[in-house]
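Novice: Data file model-v2.cif (mmCIF, C-alpha atoms) is appended below.
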```cif
data_coords
loop_
_atom_site.label_atom_id
_atom_site.label_comp_id
_atom_site.auth_asym_id
_atom_site.auth_seq_id
_atom_site.Cartn_x
_atom_site.Cartn_y
_atom_site.Cartn_z
CA MET A 1 -52.40 -39.84 -12.45
CA THR A 2 -50.03 -39.40 -9.54
CA ASP A 3 -47.94 -42.33 -8.38
CA ALA A 4 -47.17 -43.18 -4.75
CA GLY A 5 -44.20 -40.81 -4.84
CA GLY A 6 -46.38 -37.88 -5.90
CA PHE A 7 -45.11 -37.72 -9.49
CA ASP A 8 -47.48 -37.05 -12.37
CA LEU A 9 -47.50 -39.90 -14.85
CA ASP A 10 -48.72 -39.64 -18.43
CA GLY A 11 -49.68 -42.03 -21.23
CA ALA A 12 -47.07 -44.74 -21.67
CA ALA A 13 -45.49 -44.07 -18.27
CA LYS A 14 -48.90 -44.46 -16.63
CA SER A 15 -49.53 -47.75 -18.44
CA ALA A 16 -46.07 -49.08 -17.59
CA HIS A 17 -46.50 -48.04 -13.96
CA GLU A 18 -49.93 -49.67 -13.72
CA ARG A 19 -48.56 -52.85 -15.32
CA ASP A 20 -45.67 -52.94 -12.85
CA VAL A 21 -48.03 -52.45 -9.91
CA LEU A 22 -50.31 -55.21 -11.21
CA LEU A 23 -47.42 -57.63 -11.70
CA ARG A 24 -46.14 -56.87 -8.19
CA GLN A 25 -49.61 -57.57 -6.75
CA ILE A 26 -49.84 -60.86 -8.64
CA ALA A 27 -46.37 -61.91 -7.53
CA ASP A 28 -47.14 -61.00 -3.92
CA ALA A 29 -50.46 -62.89 -4.02
CA LEU A 30 -48.78 -65.99 -5.43
CA ASN A 31 -45.73 -65.59 -3.19
CA ILE A 32 -43.31 -65.66 -6.13
CA PRO A 33 -40.67 -63.22 -7.33
CA VAL A 34 -41.93 -60.62 -9.82
CA THR A 35 -38.94 -61.44 -12.05
CA ILE A 36 -40.78 -64.57 -13.18
CA PHE A 37 -43.03 -62.28 -15.24
CA ARG A 38 -40.14 -60.52 -16.95
CA ARG A 39 -38.78 -61.80 -20.24
CA PRO A 40 -35.48 -60.65 -21.67
CA SER A 41 -36.11 -58.19 -24.50
CA GLY A 42 -36.06 -59.88 -27.86
CA SER A 43 -36.67 -63.27 -26.29
CA SER A 44 -39.02 -65.53 -28.17
CA ALA A 45 -38.98 -68.13 -25.41
CA THR A 46 -42.36 -69.00 -23.94
CA ARG A 47 -41.12 -69.29 -20.36
CA GLY A 48 -43.61 -68.09 -17.83
CA PRO A 49 -46.93 -66.33 -18.28
CA SER A 50 -47.51 -63.20 -20.32
CA ALA A 51 -48.69 -60.00 -18.68
CA ALA A 52 -52.13 -60.58 -20.23
CA GLU A 53 -52.32 -64.05 -18.70
CA CYS A 54 -51.32 -62.66 -15.32
CA ALA A 55 -53.94 -59.94 -15.54
CA ALA A 56 -56.63 -62.47 -16.49
CA LEU A 57 -55.62 -64.72 -13.60
CA LEU A 58 -55.71 -61.86 -11.12
CA THR A 59 -59.08 -60.67 -12.43
CA ALA A 60 -60.60 -64.13 -12.06
CA PHE A 61 -58.96 -64.65 -8.67
CA SER A 62 -60.28 -61.32 -7.36
CA ARG A 63 -63.85 -62.39 -8.15
CA ILE A 64 -63.61 -65.39 -5.80
CA GLY A 65 -65.43 -64.19 -2.69
CA ASP A 66 -64.81 -67.17 -0.42
CA PRO A 67 -61.37 -67.03 1.32
CA ASP A 68 -61.24 -70.82 1.54
CA LEU A 69 -61.79 -71.15 -2.21
CA ARG A 70 -59.05 -68.57 -2.85
CA LYS A 71 -56.72 -70.63 -0.67
CA GLU A 72 -57.61 -73.76 -2.68
CA CYS A 73 -56.98 -71.88 -5.92
CA LEU A 74 -53.51 -70.81 -4.76
CA ALA A 75 -52.74 -74.35 -3.62
CA LEU A 76 -53.74 -75.65 -7.04
CA ALA A 77 -51.53 -73.12 -8.83
CA GLU A 78 -48.62 -74.02 -6.54
CA ARG A 79 -49.15 -77.73 -7.20
CA PHE A 80 -49.19 -77.20 -10.98
CA SER A 81 -46.05 -75.05 -10.78
CA ARG A 82 -44.10 -78.04 -9.48
CA THR A 83 -44.89 -80.28 -12.45
#
```
Could you show the structure in this file as structure tokens?
Specialist:
Amino acid sequence: MTDAGGFDLDGAAKSAHERDVLLRQIADALNIPVTIFRRPSGSSATRGPSAAECAALLTAFSRIGDPDLRKECLALAERFSRT
């Protein structure tokens, strides 16, 4: 795989790059900073969603074909984030 800069990525680097791209897309879609998805190494705290939860949310969200329903979904997530 070649990243946007034209560099060849392999194995773990490819997976890490794809994860970072996915997290950036999720953060952009939800209009939140990507740092929310990052946990300090060695942290056992359960603050924020895991990468797997983010991926599942994005997968489900991407299957919503109606733009108005996507807007409602984002509004719901924003409302829950304030509680």
Novice: Quick one: distance from CA of Phe61 (chain A) to CA of Leu74 (chain A) in Å, one decimal?
Specialist: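 These two atoms are separated by 9.1 Å.
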Novice: Please provide the set of residues having any atom within 7 Å of region 33-35 of chain A, restricted to only C-alpha atoms, with same-chain residues fewer than 3 positions apart removed, written as number ranges by chain.
Specialist: A: 23-24, 27, 38
Novice: Residues near region 51-58 of chain A, anyone? I mean within 9 Å using all atoms listed in the file, not counting same-chain ones fewer than 5 positions away, as a list of chain:residue names.
Specialist: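 Result of the neighbour search: A:Arg19, A:Leu22, A:Leu23, A:Gln25, A:Ile26, A:Ala29, A:Phe37, A:Arg38, A:Arg63.
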Novice: For a quick check of understanding, using all atoms listed in the file, which of A:Ile36, A:Leu30, A:Glu18, A:Gly48 has the smallest distance to Arg70 (chain A)?
Specialist: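 Of the candidates, the smallest distance to Arg70 (chain A) is held by A:Leu30.
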Novice: Report, in Å with one decimal, the straight-line distance from CA of Pro49 (chain A) to CA of Asn31 (chain A).
Specialist: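 Atom-to-atom, CA of Pro49 (chain A) to CA of Asn31 (chain A), that is 15.2 Å.
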Novice: Axis-aligned box over every listed atom of region 61-71 of chain A, padded by 6 Å per side: centre and edges in Å to one decimal, as JSON?
Specialist:
```
{"center_x": -61.1, "center_y": -66.2, "center_z": -3.6, "size_x": 20.7, "size_y": 21.8, "size_z": 22.2}
```
